$ cat structure24.csv   # CSV, C-alpha atoms
chain,number,residue,atom,x,y,z
D,1,MET,CA,22.7,8.6,14.5
D,2,ASN,CA,22.6,11.9,16.4
D,3,ALA,CA,26.5,11.9,16.5
D,4,LEU,CA,26.5,11.6,12.7
D,5,TYR,CA,24.0,14.4,12.4
D,6,GLU,CA,26.2,16.7,14.5
D,7,GLU,CA,29.3,15.7,12.7
D,8,PHE,CA,28.0,16.0,9.1
D,9,LYS,CA,25.1,18.5,9.2
D,10,GLY,CA,27.4,21.4,8.1
D,11,ARG,CA,28.3,19.4,5.0
D,12,GLY,CA,24.7,18.8,3.7
D,13,PHE,CA,23.8,15.8,5.7
D,14,VAL,CA,20.1,15.8,6.7
D,15,LEU,CA,18.7,13.4,9.3
D,16,LEU,CA,15.0,13.2,10.2
D,17,LEU,CA,13.9,11.1,13.1
D,18,VAL,CA,10.4,9.8,12.4
D,19,ASN,CA,8.4,8.6,15.4
D,20,MET,CA,5.8,6.0,14.5
D,21,GLY,CA,2.5,6.5,16.2
D,22,GLU,CA,3.4,7.6,19.7
D,23,ALA,CA,1.8,10.5,21.6
D,24,PRO,CA,3.7,13.8,21.2
D,25,GLU,CA,4.4,14.1,24.9
D,26,ILE,CA,6.0,10.7,25.0
D,27,VAL,CA,8.2,11.6,22.0
D,28,ARG,CA,9.2,14.9,23.6
D,29,ARG,CA,10.3,13.2,26.8
D,30,ALA,CA,12.3,10.6,24.8
D,31,VAL,CA,14.0,13.2,22.6
D,32,LYS,CA,15.0,15.2,25.7
D,33,ALA,CA,16.2,12.2,27.6
D,34,ARG,CA,18.3,10.9,24.7
D,35,GLY,CA,19.7,14.3,23.8
D,36,TYR,CA,18.6,14.2,20.2
D,37,THR,CA,19.3,17.4,18.2
D,38,ALA,CA,18.1,16.2,14.8
D,39,PRO,CA,14.6,17.2,13.7
D,40,VAL,CA,11.8,14.8,14.8
D,41,VAL,CA,8.7,14.1,12.7
D,42,LEU,CA,5.7,13.1,14.7
D,43,ASP,CA,4.0,10.5,12.6
D,44,VAL,CA,1.0,10.1,14.9
D,45,ASP,CA,-1.3,8.6,12.1
D,46,ARG,CA,1.6,6.6,10.6
D,47,GLU,CA,1.2,8.3,7.2
D,48,VAL,CA,4.9,8.7,6.7
D,49,SER,CA,5.9,5.3,7.9
D,50,GLY,CA,3.1,3.8,5.8
D,51,ALA,CA,4.4,5.7,2.7
D,52,TYR,CA,7.9,4.3,3.2
D,53,VAL,CA,6.7,0.9,4.3
D,54,ALA,CA,8.6,1.2,7.6
D,55,THR,CA,7.3,-1.6,9.8
D,56,ALA,CA,10.1,-1.9,12.3
D,57,THR,CA,12.4,0.4,14.2
D,58,PRO,CA,14.9,1.5,13.5
D,59,THR,CA,14.5,1.7,9.8
D,60,VAL,CA,17.0,3.9,8.0
D,61,TYR,CA,16.5,5.2,4.4
D,62,ILE,CA,19.4,6.8,2.6
D,63,VAL,CA,18.1,9.4,0.1
D,64,ASP,CA,20.4,11.1,-2.3
D,65,ARG,CA,20.5,14.8,-3.4
D,66,ARG,CA,17.9,14.0,-6.1
D,67,LEU,CA,15.6,12.7,-3.4
D,68,GLN,CA,15.9,9.1,-4.7
D,69,ILE,CA,16.1,6.3,-2.1
D,70,ILE,CA,19.5,4.6,-2.6
D,71,GLY,CA,19.6,2.4,0.5
D,72,ARG,CA,17.5,0.9,3.3
D,73,ALA,CA,18.5,-0.8,6.5
D,74,VAL,CA,16.2,-2.4,9.0
D,75,GLY,CA,17.5,-3.0,12.5
D,76,ARG,CA,20.4,-1.7,14.5
D,77,ARG,CA,23.6,-0.7,12.6
D,78,ASP,CA,26.8,0.9,13.8
D,79,TRP,CA,26.4,4.1,11.8
D,80,THR,CA,28.9,5.9,14.0
D,81,GLY,CA,31.7,3.4,13.4
D,82,GLU,CA,34.4,3.9,10.8
D,83,SER,CA,32.5,2.2,7.9
D,84,GLY,CA,29.3,4.2,8.6
D,85,ARG,CA,31.2,7.5,8.7
D,86,ARG,CA,33.0,6.6,5.5
D,87,LEU,CA,29.7,5.8,3.8
D,88,ILE,CA,28.1,9.1,4.8
D,89,ALA,CA,31.3,11.1,3.9
D,90,ALA,CA,31.3,9.4,0.4
D,91,LEU,CA,27.7,10.2,-0.2
D,92,LEU,CA,28.2,13.9,0.7
D,93,ARG,CA,31.0,14.4,-1.9
D,94,PRO,CA,29.9,16.7,-4.6
$ encode --input "structure24.csv" --output "structure tokens"
Amino acid sequence: MNALYEEFKGRGFVLLLVNMGEAPEIVRRAVKARGYTAPVVLDVDREVSGAYVATATPTVYIVDRRLQIIGRAVGRRDWTGESGRRLIAALLRP
């Protein structure tokens, strides 16, 4: 996902990485070790994950420009493959 963020962030793509319930220091170390550059939300009390009913990781929500959820995927996906990139590019078209 980070590769997609880097590729598309200049075109309006927003990626938020939401951590579900771990201590901030653990999250900081993981972010640094994995080289994430996208913003990270520390959901220590699980308020965000509860609001979106995210019960497993990874859970991806695709939200359009009107802030409507238009897609949800639970589990690993190849977002950096050709079909993932095509999807993101299509969603970013004006």
$ atom_distance --input "structure24.csv" --atom1 "atom CA of D:Phe8" --atom2 "atom CA of D:Leu42"
23.2 Å
$ closest_residue --input "structure24.csv" --among "D:Val60, D:Ala51, D:Ala38, D:Ile69" --to "D:Glu7" --atoms "all atoms listed in the file"
D:Ala38
$ closest_residue --input "structure24.csv" --among "D:Ser83, D:Ser49, D:Ala33, D:Leu4" --to "D:Asn19" --atoms "only C-alpha atoms"
D:Ser49
$ atom_distance --input "structure24.csv" --atom1 "atom CA of D:Leu67" --atom2 "atom CA of D:Trp79"
20.5 Å
$ atom_distance --input "structure24.csv" --atom1 "atom CA of D:Arg46" --atom2 "atom CA of D:Thr80"
27.5 Å
$ build_atoms --input "structure24.csv" --residues "stretch 27-53 of chain D" --atoms "N, CA and C atoms" --output "tab-separated table (two decimals), keeping the file's coordinate frame"
chain	number	residue	atom	x	y	z
D	27	VAL	N	7.07	11.34	22.94
D	27	VAL	CA	8.20	11.60	22.00
D	27	VAL	C	9.05	12.74	22.58
D	28	ARG	N	8.44	13.81	23.04
D	28	ARG	CA	9.20	14.90	23.60
D	28	ARG	C	10.09	14.49	24.74
D	29	ARG	N	9.55	13.69	25.63
D	29	ARG	CA	10.30	13.20	26.80
D	29	ARG	C	11.50	12.34	26.31
D	30	ALA	N	11.26	11.46	25.34
D	30	ALA	CA	12.30	10.60	24.80
D	30	ALA	C	13.41	11.39	24.14
D	31	VAL	N	13.03	12.37	23.34
D	31	VAL	CA	14.00	13.20	22.60
D	31	VAL	C	14.87	13.96	23.65
D	32	LYS	N	14.25	14.49	24.66
D	32	LYS	CA	15.00	15.20	25.70
D	32	LYS	C	15.93	14.27	26.45
D	33	ALA	N	15.42	13.12	26.87
D	33	ALA	CA	16.20	12.20	27.60
D	33	ALA	C	17.39	11.63	26.85
D	34	ARG	N	17.22	11.44	25.56
D	34	ARG	CA	18.30	10.90	24.70
D	34	ARG	C	19.19	11.93	24.11
D	35	GLY	N	18.82	13.20	24.28
D	35	GLY	CA	19.70	14.30	23.80
D	35	GLY	C	19.68	14.45	22.29
D	36	TYR	N	18.61	14.04	21.61
D	36	TYR	CA	18.60	14.20	20.20
D	36	TYR	C	18.53	15.66	19.78
D	37	THR	N	19.29	16.01	18.76
D	37	THR	CA	19.30	17.40	18.20
D	37	THR	C	18.75	17.43	16.80
D	38	ALA	N	18.64	16.30	16.16
D	38	ALA	CA	18.10	16.20	14.80
D	38	ALA	C	16.59	16.49	14.85
D	39	PRO	N	16.02	17.00	13.76
D	39	PRO	CA	14.60	17.20	13.70
D	39	PRO	C	13.80	15.92	13.87
D	40	VAL	N	12.66	16.00	14.54
D	40	VAL	CA	11.80	14.80	14.80
D	40	VAL	C	10.46	15.06	14.11
D	41	VAL	N	10.04	14.09	13.33
D	41	VAL	CA	8.70	14.10	12.70
D	41	VAL	C	7.79	13.25	13.54
D	42	LEU	N	6.67	13.83	13.95
D	42	LEU	CA	5.70	13.10	14.70
D	42	LEU	C	4.69	12.48	13.73
D	43	ASP	N	4.82	11.21	13.53
D	43	ASP	CA	4.00	10.50	12.60
D	43	ASP	C	2.85	9.78	13.34
D	44	VAL	N	2.01	10.58	13.98
D	44	VAL	CA	1.00	10.10	14.90
D	44	VAL	C	0.03	9.12	14.12
D	45	ASP	N	-0.35	9.46	12.90
D	45	ASP	CA	-1.30	8.60	12.10
D	45	ASP	C	-0.57	7.61	11.24
D	46	ARG	N	0.75	7.56	11.36
D	46	ARG	CA	1.60	6.60	10.60
D	46	ARG	C	1.54	6.81	9.08
D	47	GLU	N	1.24	7.99	8.66
D	47	GLU	CA	1.20	8.30	7.20
D	47	GLU	C	2.57	8.19	6.59
D	48	VAL	N	3.56	8.76	7.25
D	48	VAL	CA	4.90	8.70	6.70
D	48	VAL	C	5.48	7.32	6.72
D	49	SER	N	5.37	6.64	7.85
D	49	SER	CA	5.90	5.30	7.90
D	49	SER	C	5.17	4.35	6.96
D	50	GLY	N	3.90	4.59	6.74
D	50	GLY	CA	3.10	3.80	5.80
D	50	GLY	C	3.62	4.05	4.35
D	51	ALA	N	3.89	5.31	4.04
D	51	ALA	CA	4.40	5.70	2.70
D	51	ALA	C	5.71	5.02	2.38
D	52	TYR	N	6.55	4.90	3.40
D	52	TYR	CA	7.90	4.30	3.20
D	52	TYR	C	7.96	2.85	3.60
D	53	VAL	N	6.84	2.27	3.95
D	53	VAL	CA	6.70	0.90	4.30
D	53	VAL	C	7.75	0.56	5.47
